[in-house]
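Source file: my_file.txt (compact mmCIF, C-alpha atoms and all ligand atoms)
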# COMPACT_ATOMS: atom_id res chain seq x y z
CA MET L 779 18.05 8.68 14.16
CA VAL L 780 15.81 5.69 13.69
CA GLU L 781 16.24 3.57 10.54
CA PRO L 782 13.85 2.30 9.31
CA GLY L 783 11.39 4.30 11.32
CA ALA L 784 7.66 4.91 11.38
CA VAL L 785 5.32 7.50 12.83
CA ALA L 786 1.67 6.83 13.65
CA SER L 787 -0.88 9.58 14.16
CA ARG L 788 -4.29 9.57 15.81
CA ALA L 789 -6.60 12.59 16.16
CA GLY L 790 -3.81 15.01 15.35
CA ARG L 791 -1.36 13.57 17.88
CA ILE L 792 1.63 11.31 17.50
CA ALA L 793 0.51 7.88 18.71
CA PHE L 794 3.82 6.18 18.02
CA ALA L 795 7.28 7.17 16.79
CA GLY L 796 10.08 4.64 16.61
CA PRO L 797 11.45 1.63 14.74
CA GLU L 798 9.13 0.35 12.02
CA ARG L 799 9.28 -3.18 13.45
CA ALA L 800 7.84 -1.93 16.76
CA LEU L 801 4.90 -0.18 15.07
CA PRO L 802 1.60 -1.42 16.47
CA SER L 803 0.17 -2.44 13.08
CA PRO L 804 -3.57 -3.18 13.33
CA GLY L 805 -6.25 -0.72 12.47
CA ALA L 806 -4.46 1.94 10.47
CA ALA L 807 -7.00 3.81 8.32
CA GLU L 808 -4.32 5.08 6.00
CA ILE L 809 -0.71 4.09 5.42
CA VAL L 810 1.68 6.57 3.81
CA ASP L 811 4.87 5.11 2.37
CA CYS L 812 7.53 7.79 2.56
CA GLY L 813 9.80 5.83 0.22
CA GLY L 814 12.77 5.76 2.59
CA ARG L 815 12.84 9.53 3.04
CA TRP L 816 13.76 11.27 6.29
CA ILE L 817 11.04 12.51 8.67
CA THR L 818 11.82 15.31 11.10
CA PRO L 819 9.54 17.20 13.44
CA GLY L 820 7.77 20.03 11.61
CA LEU L 821 10.05 23.07 11.72
CA VAL L 822 9.45 25.85 14.25
CA ASP L 823 10.33 29.47 13.44
CA CYS L 824 10.45 30.84 16.98
CA HIS L 825 11.26 34.53 16.29
CA THR L 826 9.59 36.55 13.52
CA HIS L 827 8.08 39.97 12.92
CA LEU L 828 6.00 38.54 10.06
CA VAL L 829 3.04 40.94 10.25
CA TYR L 830 3.81 44.43 8.91
CA ALA L 831 2.91 46.56 5.90
CA GLY L 832 5.16 47.79 3.10
CA ASN L 833 8.84 47.03 2.88
CA ARG L 834 12.17 48.81 3.06
CA ALA L 835 13.71 47.90 -0.30
CA ALA L 836 14.21 51.59 -1.13
CA GLU L 837 16.21 52.06 2.08
CA PHE L 838 18.25 49.00 1.20
CA GLU L 839 19.12 50.67 -2.12
CA GLN L 840 20.01 53.93 -0.33
CA ARG L 841 22.32 52.08 2.03
CA LEU L 842 24.05 50.40 -0.92
CA THR L 843 24.92 53.84 -2.29
CA GLY L 844 26.31 55.14 1.00
CA ALA L 845 23.45 56.34 3.25
CA SER L 846 23.78 55.13 6.83
CA TYR L 847 21.01 53.57 8.93
CA ALA L 848 21.11 56.75 11.06
CA ASP L 849 20.76 59.07 7.99
CA ILE L 850 17.72 57.08 6.89
CA ALA L 851 16.18 57.13 10.37
CA ARG L 852 16.65 60.95 10.60
CA ALA L 853 14.82 61.31 7.28
CA GLY L 854 11.80 59.47 8.76
CA GLY L 855 12.79 56.01 7.51
CA GLY L 856 13.83 52.92 9.44
CA ILE L 857 11.41 51.41 11.94
CA ALA L 858 9.35 54.64 11.75
CA SER L 859 8.53 54.02 8.09
CA SER L 860 7.31 50.48 8.87
CA VAL L 861 5.25 51.86 11.76
CA ALA L 862 3.62 54.46 9.47
CA ALA L 863 2.79 51.84 6.83
CA THR L 864 1.51 49.34 9.41
CA ARG L 865 -0.70 51.92 11.12
CA ALA L 866 -2.16 52.97 7.76
CA ALA L 867 -2.95 49.40 6.67
CA SER L 868 -6.41 47.90 7.19
CA PRO L 869 -6.57 44.64 9.17
CA ASP L 870 -7.31 42.71 5.95
CA CYS L 871 -4.35 44.34 4.20
CA LEU L 872 -2.00 43.40 7.04
CA VAL L 873 -3.10 39.77 6.81
CA ALA L 874 -2.83 39.79 3.01
CA GLU L 875 0.72 41.17 3.12
CA ALA L 876 1.83 38.62 5.72
CA LEU L 877 0.36 35.56 3.95
CA PRO L 878 2.99 35.23 1.16
CA ARG L 879 5.72 35.39 3.79
CA LEU L 880 3.95 32.75 5.87
CA ASP L 881 3.50 30.58 2.77
CA ALA L 882 7.23 30.85 2.02
CA LEU L 883 7.94 29.42 5.48
CA ILE L 884 5.28 26.72 5.18
CA VAL L 885 6.55 25.33 1.87
CA GLU L 886 9.84 24.59 3.60
CA GLY L 887 8.21 22.43 6.26
CA VAL L 888 7.50 25.00 8.97
CA THR L 889 4.52 24.02 11.15
CA THR L 890 4.74 26.61 13.96
CA VAL L 891 5.57 30.31 13.64
CA GLU L 892 5.98 32.91 16.36
CA VAL L 893 4.81 36.40 15.31
CA LYS L 894 5.57 39.61 17.20
CA SER L 895 3.84 42.96 17.22
CA GLY L 896 6.03 46.09 17.49
CA TYR L 897 5.17 48.08 14.35
CA GLY L 898 2.00 49.61 15.84
CA LEU L 899 3.49 51.20 18.97
CA ASP L 900 0.14 52.32 20.33
CA GLY L 901 -2.80 50.41 21.81
CA PRO L 902 -5.07 50.07 18.77
CA HIS L 903 -2.33 49.36 16.24
CA GLU L 904 -0.44 46.83 18.37
CA ALA L 905 -3.76 45.03 18.92
CA LYS L 906 -4.47 45.18 15.17
CA GLN L 907 -1.11 43.52 14.43
CA LEU L 908 -1.71 40.75 16.97
CA ARG L 909 -5.25 40.10 15.71
CA ALA L 910 -3.81 39.83 12.18
CA ALA L 911 -1.30 37.27 13.49
CA ARG L 912 -4.07 35.23 15.12
CA GLN L 913 -6.05 35.46 11.87
CA LEU L 914 -3.18 33.77 10.00
CA ALA L 915 -3.85 30.60 12.01
CA ALA L 916 -7.42 30.55 10.69
CA LEU L 917 -6.24 30.83 7.08
CA ARG L 918 -3.40 28.32 6.94
CA PRO L 919 -2.68 24.90 8.49
CA VAL L 920 0.03 26.14 10.85
CA GLY L 921 0.45 26.90 14.54
CA ILE L 922 0.79 30.63 15.31
CA VAL L 923 2.23 31.86 18.61
CA THR L 924 1.94 35.60 19.28
CA THR L 925 4.19 37.95 21.23
CA PHE L 926 3.46 41.52 22.33
CA LEU L 927 6.49 43.71 21.49
CA GLY L 928 5.14 47.14 22.38
CA ALA L 929 8.60 48.00 23.76
CA HIS L 930 10.25 47.67 20.32
CA ALA L 931 10.95 51.36 19.64
CA LEU L 932 9.82 54.80 20.70
CA PRO L 933 6.79 55.72 18.57
CA PRO L 934 7.37 58.49 15.99
CA GLY L 935 6.83 61.92 17.49
CA SER L 936 7.40 60.98 21.13
CA GLU L 937 10.58 61.83 23.01
CA ASP L 938 10.08 60.42 26.49
CA LYS L 939 11.02 56.74 26.77
CA ASN L 940 9.87 56.45 30.40
CA ALA L 941 6.48 57.90 29.56
CA TYR L 942 6.08 55.46 26.65
CA ILE L 943 7.11 52.50 28.85
CA ALA L 944 4.48 53.59 31.37
CA ARG L 945 1.87 53.46 28.58
CA VAL L 946 3.11 50.00 27.52
CA CYS L 947 2.78 48.72 31.09
CA GLU L 948 -0.38 50.48 32.20
CA ASP L 949 -2.50 50.67 29.03
CA MET L 950 -1.27 48.59 26.09
CA LEU L 951 -0.19 45.37 27.82
CA PRO L 952 -3.32 45.11 30.02
CA ALA L 953 -5.54 45.60 26.94
CA VAL L 954 -3.64 42.99 24.93
CA ALA L 955 -3.77 40.55 27.86
CA ALA L 956 -7.49 41.14 28.45
CA GLU L 957 -8.24 40.28 24.80
CA GLY L 958 -6.00 37.21 24.95
CA LEU L 959 -3.97 38.49 22.01
CA ALA L 960 -0.48 37.59 23.25
CA ASP L 961 1.14 34.35 24.37
CA ALA L 962 4.27 36.17 25.61
CA VAL L 963 5.86 39.60 26.01
CA ASP L 964 9.12 40.74 24.38
CA ALA L 965 11.19 43.95 24.49
CA PHE L 966 14.21 45.42 22.68
CA CYS L 967 17.00 46.16 25.18
CA GLU L 968 19.57 48.35 23.41
CA GLY L 969 20.99 51.87 23.47
CA ILE L 970 18.81 52.77 20.47
CA ALA L 971 15.76 51.18 22.13
CA PHE L 972 15.07 50.65 25.86
CA SER L 973 17.29 50.41 28.96
CA PRO L 974 17.48 47.39 31.30
CA GLU L 975 15.47 49.36 33.90
CA GLN L 976 12.72 50.11 31.39
CA VAL L 977 12.66 46.49 30.21
CA ALA L 978 12.43 45.32 33.84
CA ARG L 979 9.25 47.40 34.22
CA VAL L 980 7.72 45.74 31.14
CA PHE L 981 8.65 42.31 32.50
CA ALA L 982 7.05 43.09 35.87
CA ALA L 983 3.83 44.07 34.09
CA ALA L 984 3.96 40.86 32.03
CA ARG L 985 4.34 38.80 35.19
CA HIS L 986 1.38 40.64 36.72
CA HIS L 987 -0.72 39.47 33.74
CA GLY L 988 0.66 35.93 33.86
CA LEU L 989 2.54 36.16 30.56
CA PRO L 990 6.00 34.67 29.99
CA VAL L 991 8.78 36.97 28.74
CA LYS L 992 11.62 36.97 26.20
CA LEU L 993 14.12 39.61 25.14
CA HIS L 994 15.98 41.09 22.16
CA ALA L 995 19.26 41.08 24.07
CA ASP L 996 22.87 42.12 23.42
CA GLN L 997 22.37 42.36 19.62
CA LEU L 998 24.44 45.47 18.85
CA SER L 999 26.22 46.00 22.18
CA ASN L 1000 26.51 44.39 25.62
CA ASN L 1001 23.70 45.71 27.81
CA SER L 1002 23.72 42.72 30.17
CA GLY L 1003 20.54 41.71 28.36
CA ALA L 1004 21.24 37.98 28.69
CA ARG L 1005 21.52 38.32 32.48
CA LEU L 1006 18.42 40.53 32.65
CA ALA L 1007 16.37 37.99 30.68
CA ALA L 1008 17.63 35.14 32.88
CA GLU L 1009 16.88 37.01 36.10
CA HIS L 1010 13.29 37.35 34.95
CA GLY L 1011 13.03 33.65 34.06
CA ALA L 1012 12.67 34.45 30.34
CA LEU L 1013 11.80 31.64 27.94
CA SER L 1014 14.52 32.94 25.64
CA ALA L 1015 17.08 35.66 25.06
CA ASP L 1016 17.47 36.42 21.36
CA HIS L 1017 20.32 37.68 19.10
CA LEU L 1018 23.06 37.65 21.84
CA GLU L 1019 26.03 38.60 19.62
CA TYR L 1020 27.52 40.63 22.51
CA ALA L 1021 26.47 38.38 25.42
CA ASP L 1022 29.26 37.62 27.91
CA GLU L 1023 29.99 34.57 30.05
CA ASP L 1024 28.24 36.06 33.08
CA GLY L 1025 25.05 36.38 31.02
CA VAL L 1026 25.41 32.92 29.49
CA ALA L 1027 25.92 31.32 32.91
CA ALA L 1028 22.82 33.12 34.21
CA MET L 1029 20.83 31.81 31.24
CA ALA L 1030 22.01 28.27 31.98
CA ARG L 1031 20.90 28.55 35.62
CA ALA L 1032 17.50 29.96 34.64
CA GLY L 1033 16.88 27.50 31.77
CA THR L 1034 16.59 30.39 29.30
CA ALA L 1035 17.10 29.33 25.66
CA ALA L 1036 19.38 31.25 23.28
CA VAL L 1037 17.67 32.18 19.99
CA LEU L 1038 20.30 32.92 17.34
CA LEU L 1039 19.32 35.02 14.33
CA PRO L 1040 21.95 34.77 11.59
CA GLY L 1041 19.73 36.54 9.03
CA ALA L 1042 20.02 39.86 10.90
CA PHE L 1043 23.74 39.29 11.51
CA TYR L 1044 24.22 38.75 7.76
CA PHE L 1045 21.95 41.54 6.51
CA LEU L 1046 23.47 44.15 8.86
CA ARG L 1047 26.94 42.86 7.96
CA GLU L 1048 27.80 42.35 11.63
CA THR L 1049 31.17 40.85 12.48
CA GLN L 1050 30.83 39.65 16.09
CA ALA L 1051 29.18 36.24 16.15
CA PRO L 1052 27.22 35.09 19.22
CA PRO L 1053 29.23 33.09 21.80
CA VAL L 1054 28.29 29.61 20.59
CA ALA L 1055 31.20 27.99 22.46
CA LEU L 1056 29.93 29.48 25.74
CA PHE L 1057 26.38 28.26 25.09
CA ARG L 1058 27.79 24.78 24.52
CA ARG L 1059 30.04 24.87 27.59
CA HIS L 1060 27.22 26.04 29.88
CA GLY L 1061 24.58 23.79 28.32
CA VAL L 1062 22.32 26.60 27.09
CA PRO L 1063 19.92 25.22 24.42
CA MET L 1064 20.40 27.04 21.10
CA ALA L 1065 17.51 27.78 18.74
CA LEU L 1066 17.70 29.30 15.26
CA ALA L 1067 15.06 31.55 13.68
CA THR L 1068 14.57 33.87 10.70
CA ASP L 1069 13.81 37.14 12.62
CA SER L 1070 11.77 37.85 9.45
CA ASN L 1071 11.30 41.65 9.46
CA PRO L 1072 11.49 44.50 6.93
CA GLY L 1073 14.49 46.31 8.42
CA SER L 1074 17.21 43.94 9.57
CA SER L 1075 16.28 40.48 8.27
CA PRO L 1076 13.98 40.33 5.23
CA LEU L 1077 14.33 36.55 5.33
CA THR L 1078 11.55 34.00 4.87
CA SER L 1079 13.61 30.80 4.70
CA LEU L 1080 14.28 28.79 7.83
CA LEU L 1081 16.41 26.39 5.75
CA LEU L 1082 18.65 29.32 4.80
CA ALA L 1083 18.78 30.39 8.46
CA MET L 1084 20.08 26.86 9.22
CA ASN L 1085 22.76 27.17 6.55
CA MET L 1086 23.74 30.57 7.97
CA GLY L 1087 23.85 29.13 11.50
CA ALA L 1088 26.42 26.64 10.24
CA THR L 1089 28.47 28.87 7.90
CA LEU L 1090 28.40 32.10 9.92
CA PHE L 1091 28.17 30.79 13.51
CA ARG L 1092 29.86 27.38 13.03
CA MET L 1093 26.95 25.48 14.51
CA THR L 1094 26.97 21.74 13.77
CA VAL L 1095 24.33 20.06 11.62
CA GLU L 1096 22.75 18.51 14.72
CA GLU L 1097 22.70 21.90 16.45
CA CYS L 1098 21.05 23.51 13.43
CA ILE L 1099 18.36 20.84 13.24
CA ALA L 1100 17.74 20.93 17.00
CA GLY L 1101 17.68 24.74 16.66
CA VAL L 1102 14.60 24.70 14.43
CA THR L 1103 12.82 21.83 16.21
CA ARG L 1104 13.42 20.81 19.83
CA ASN L 1105 15.11 24.00 21.01
CA ALA L 1106 12.79 26.31 19.06
CA ALA L 1107 9.84 24.64 20.82
CA ARG L 1108 11.63 25.19 24.10
CA ALA L 1109 12.14 28.90 23.29
CA LEU L 1110 8.36 29.16 22.92
CA GLY L 1111 7.60 27.26 26.12
CA LEU L 1112 6.02 24.48 23.99
CA SER L 1113 8.38 21.60 24.76
CA GLU L 1114 5.46 19.43 25.86
CA GLN L 1115 3.46 20.05 22.68
CA ILE L 1116 5.82 20.21 19.65
CA GLY L 1117 9.45 20.02 18.55
CA THR L 1118 10.23 16.30 18.73
CA LEU L 1119 8.77 13.05 17.40
CA GLU L 1120 7.29 11.66 20.60
CA ALA L 1121 3.97 10.06 21.42
CA GLY L 1122 1.48 12.60 22.75
CA LYS L 1123 2.85 15.60 20.87
CA ARG L 1124 1.02 17.28 18.01
CA CYS L 1125 1.67 15.33 14.82
CA ASP L 1126 3.68 17.98 12.96
CA LEU L 1127 6.11 16.41 10.48
CA ALA L 1128 8.40 17.43 7.65
CA ILE L 1129 9.28 14.68 5.17
CA TRP L 1130 12.43 15.33 3.16
CA SER L 1131 13.77 14.04 -0.16
CA VAL L 1132 17.37 13.86 1.02
CA ASP L 1133 19.78 11.01 1.56
CA ALA L 1134 21.35 12.54 4.65
CA LEU L 1135 20.00 15.16 7.05
CA ALA L 1136 23.14 17.26 6.57
CA GLU L 1137 21.70 18.17 3.15
CA LEU L 1138 19.05 20.27 4.90
CA VAL L 1139 21.82 22.52 6.22
CA TYR L 1140 24.32 22.23 3.37
CA ARG L 1141 22.26 23.38 0.40
CA ILE L 1142 21.57 27.05 -0.31
CA GLY L 1143 18.30 28.05 -1.95
CA PHE L 1144 17.08 24.51 -2.57
CA ASN L 1145 13.92 23.10 -1.04
CA PRO L 1146 13.89 19.31 -0.60
CA LEU L 1147 10.53 19.15 1.22
CA HIS L 1148 8.47 16.16 0.06
CA ARG L 1149 5.40 16.53 2.29
CA ARG L 1150 4.41 18.43 5.38
CA VAL L 1151 2.02 17.23 8.05
CA TRP L 1152 0.40 19.64 10.52
CA ASP L 1153 -1.88 18.45 13.31
CA GLY L 1154 -1.97 14.98 11.74
CA ARG L 1155 -3.13 16.31 8.38
N1 LIG Z 1201 16.08 44.15 16.29
C1 LIG Z 1201 16.23 44.31 14.98
O1 LIG Z 1201 17.22 44.10 14.37
C2 LIG Z 1201 14.94 44.71 14.41
N2 LIG Z 1201 14.13 44.84 15.57
C3 LIG Z 1201 14.82 44.49 16.62
O2 LIG Z 1201 14.34 44.50 17.74
C4 LIG Z 1201 14.92 45.90 13.54
C5 LIG Z 1201 13.53 46.06 13.03
C6 LIG Z 1201 13.43 47.07 11.92
O3 LIG Z 1201 14.41 47.72 11.53
O4 LIG Z 1201 12.29 47.21 11.40
FE FE Z 1202 13.58 40.45 16.16

Please re-express this file's structure in structure tokens.
Amino acid sequence: MVEPGAVASRAGRIAFAGPERALPSPGAAEIVDCGGRWITPGLVDCHTHLVYAGNRAAEFEQRLTGASYADIARAGGGIASSVAATRAASPDCLVAEALPRLDALIVEGVTTVEVKSGYGLDGPHEAKQLRAARQLAALRPVGIVTTFLGAHALPPGSEDKNAYIARVCEDMLPAVAAEGLADAVDAFCEGIAFSPEQVARVFAAARHHGLPVKLHADQLSNNSGARLAAEHGALSADHLEYADEDGVAAMARAGTAAVLLPGAFYFLRETQAPPVALFRRHGVPMALATDSNPGSSPLTSLLLAMNMGATLFRMTVEECIAGVTRNAARALGLSEQIGTLEAGKRCDLAIWSVDALAELVYRIGFNPLHRRVWDGR
């Protein structure tokens, strides 16, 4: 914390950040008085499934009157219903449906958003989702980072997981890489999704195409997903409710960040919290994200995710703020570009009408954003 502080920007980059008295004064074209407010780095939502069509409110209602997730899936609902809607949507429709969700993030000071595919589950529709994600960056002043999640679920109608993984590795991923549509590759490692062996094949294909990897790991059960991600040098392992100390230690050695997703934990009414004490003890950087998706986390507030990180996972205020700035940048492999207020980084700022930064984490459903700066603008 720097009080009183100042930030100077030139050509979209931070030229200076530090005590106001050390600010190199001459030549500023514009001076913005923030009136004593707090400036943080622009917030980074490092794990979302923001681009999809339709929603699952009807399934939410069914679950409230007793239907189980499995009942709904058997009746063609669940991920399959989002896949059907996403496949049917035109590219323009997909963008139009994602924009209000993106805007909800932006008005709370978010300046970078990661967006995954995973509701297309075949070559053309996965590519359509990723192109829609890239298109968002042309329509709003925000950084968009894309992730190919072809290995999210078995597409409706197919039975053979190994055959689908072969298609992901041999057809879909090469096509996505050739078009430059993905900045990273993700997979869902879980009994209801793909095995560690299948995920390892996807990771090998990603490495072949020079793409970094990350993993939905140990969300609903312990599949040694944290260790698997670490062994493949993943940028992050995400969810991690059931990760054990062996996995956490492997993450620490590999420099893999932990992305915690309290929105999914809350919405699914989970009871086992991720091992925050182990992440602290082993020095694993913790990020926080919305996991915005129609099935398990219909959440478009990173401020609320921070509050949930504190109330549900007992993260400290400093951990929550680092989780949506410095460590979220790290989880995206963008530590050199964004996430802190340091000269040379992109000038992404959030300016807050609060007296103390703890208010960002403490309030529920209140938005104290005063102004947002992205790329110096
Ligand atoms: N983990 C989840 O909780 C979601 N995806 C994932 O990999 C579920 C997505 C959905 O139900 O649509
Ligand atoms: Fe997710």

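Of the residues under consideration (L:Phe838, L:Tyr847, L:Tyr1020, L:Tyr830), L:Tyr830 shows the shortest atom-to-atom contact distance to L:Ala863 when counting only C-alpha atoms.
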
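Each of L:Ala1055, L:Ala1109, L:Leu959, L:Leu828 was compared to L:Gly1011 using all atoms listed in the file, and L:Ala1109 turns out to be the nearest.
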
Would you kindly return, as a CSV table (one decimal) with C-alpha atoms, keeping the file's coordinate frame, each protein, DNA or RNA residue with an atom no farther than 12 Å from any atom of stretch 1118-1120 of chain L, considering all atoms listed in the file and excluding same-chain residues fewer than 6 positions away?
chain,number,residue,atom,x,y,z
L,779,MET,CA,18.0,8.7,14.2
L,780,VAL,CA,15.8,5.7,13.7
L,783,GLY,CA,11.4,4.3,11.3
L,784,ALA,CA,7.7,4.9,11.4
L,785,VAL,CA,5.3,7.5,12.8
L,786,ALA,CA,1.7,6.8,13.6
L,787,SER,CA,-0.9,9.6,14.2
L,791,ARG,CA,-1.4,13.6,17.9
L,792,ILE,CA,1.6,11.3,17.5
L,793,ALA,CA,0.5,7.9,18.7
L,794,PHE,CA,3.8,6.2,18.0
L,795,ALA,CA,7.3,7.2,16.8
L,796,GLY,CA,10.1,4.6,16.6
L,817,ILE,CA,11.0,12.5,8.7
L,818,THR,CA,11.8,15.3,11.1
L,819,PRO,CA,9.5,17.2,13.4
L,820,GLY,CA,7.8,20.0,11.6
L,821,LEU,CA,10.0,23.1,11.7
L,822,VAL,CA,9.4,25.8,14.2
L,1099,ILE,CA,18.4,20.8,13.2
L,1100,ALA,CA,17.7,20.9,17.0
L,1101,GLY,CA,17.7,24.7,16.7
L,1102,VAL,CA,14.6,24.7,14.4
L,1103,THR,CA,12.8,21.8,16.2
L,1104,ARG,CA,13.4,20.8,19.8
L,1105,ASN,CA,15.1,24.0,21.0
L,1106,ALA,CA,12.8,26.3,19.1
L,1107,ALA,CA,9.8,24.6,20.8
L,1108,ARG,CA,11.6,25.2,24.1
L,1112,LEU,CA,6.0,24.5,24.0
L,1126,ASP,CA,3.7,18.0,13.0
L,1127,LEU,CA,6.1,16.4,10.5
L,1128,ALA,CA,8.4,17.4,7.6

Task: Distance in Å - atom CA of L:Val946 versus atom CA of L:Gly1033 - done: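 Separation of atom CA of L:Val946 and atom CA of L:Gly1033: 26.7 Å.
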
Open item on the list: For a cutoff of 8 Å around the file-coordinate point (2.6, 35.2, 26.0), which residues qualify once you count only C-alpha atoms? I'd like the result as a PyMOL selection string.
Closed with: chain L and resi 924-926+960-963+989-991

For stretch 1029-1042 of chain L, supply N, CA, C and O atoms and format the output as a compact mmCIF listing (two decimals), keeping the file's coordinate frame.
# COMPACT_ATOMS: atom_id res chain seq x y z
N MET L 1029 21.84 32.47 32.08
CA MET L 1029 20.83 31.81 31.24
C MET L 1029 20.78 30.32 31.54
O MET L 1029 19.70 29.72 31.61
N ALA L 1030 21.96 29.71 31.69
CA ALA L 1030 22.01 28.27 31.98
C ALA L 1030 21.28 27.96 33.28
O ALA L 1030 20.47 27.03 33.35
N ARG L 1031 21.54 28.77 34.31
CA ARG L 1031 20.90 28.55 35.62
C ARG L 1031 19.39 28.70 35.53
O ARG L 1031 18.63 27.97 36.17
N ALA L 1032 18.93 29.66 34.71
CA ALA L 1032 17.50 29.96 34.64
C ALA L 1032 16.76 29.07 33.63
O ALA L 1032 15.54 29.09 33.56
N GLY L 1033 17.52 28.31 32.81
CA GLY L 1033 16.88 27.50 31.77
C GLY L 1033 16.37 28.33 30.61
O GLY L 1033 15.45 27.92 29.89
N THR L 1034 16.98 29.51 30.40
CA THR L 1034 16.59 30.39 29.30
C THR L 1034 17.29 29.95 28.02
O THR L 1034 18.51 29.78 28.00
N ALA L 1035 16.52 29.76 26.94
CA ALA L 1035 17.10 29.33 25.66
C ALA L 1035 17.73 30.52 24.95
O ALA L 1035 17.30 31.67 25.11
N ALA L 1036 18.75 30.24 24.13
CA ALA L 1036 19.38 31.25 23.28
C ALA L 1036 18.80 31.12 21.88
O ALA L 1036 18.88 30.06 21.28
N VAL L 1037 18.19 32.20 21.37
CA VAL L 1037 17.67 32.18 19.99
C VAL L 1037 18.63 32.97 19.12
O VAL L 1037 18.80 34.18 19.29
N LEU L 1038 19.30 32.28 18.20
CA LEU L 1038 20.30 32.92 17.34
C LEU L 1038 19.67 33.26 15.99
O LEU L 1038 18.88 32.49 15.44
N LEU L 1039 20.01 34.45 15.48
CA LEU L 1039 19.32 35.02 14.33
C LEU L 1039 20.33 35.44 13.27
O LEU L 1039 20.63 36.63 13.10
N PRO L 1040 20.87 34.46 12.53
CA PRO L 1040 21.95 34.77 11.59
C PRO L 1040 21.50 35.64 10.42
O PRO L 1040 22.34 36.29 9.79
N GLY L 1041 20.20 35.69 10.13
CA GLY L 1041 19.73 36.54 9.03
C GLY L 1041 20.00 38.01 9.31
O GLY L 1041 20.45 38.75 8.42
N ALA L 1042 19.77 38.46 10.54
CA ALA L 1042 20.02 39.86 10.90
C ALA L 1042 21.52 40.12 10.94
O ALA L 1042 21.99 41.17 10.48
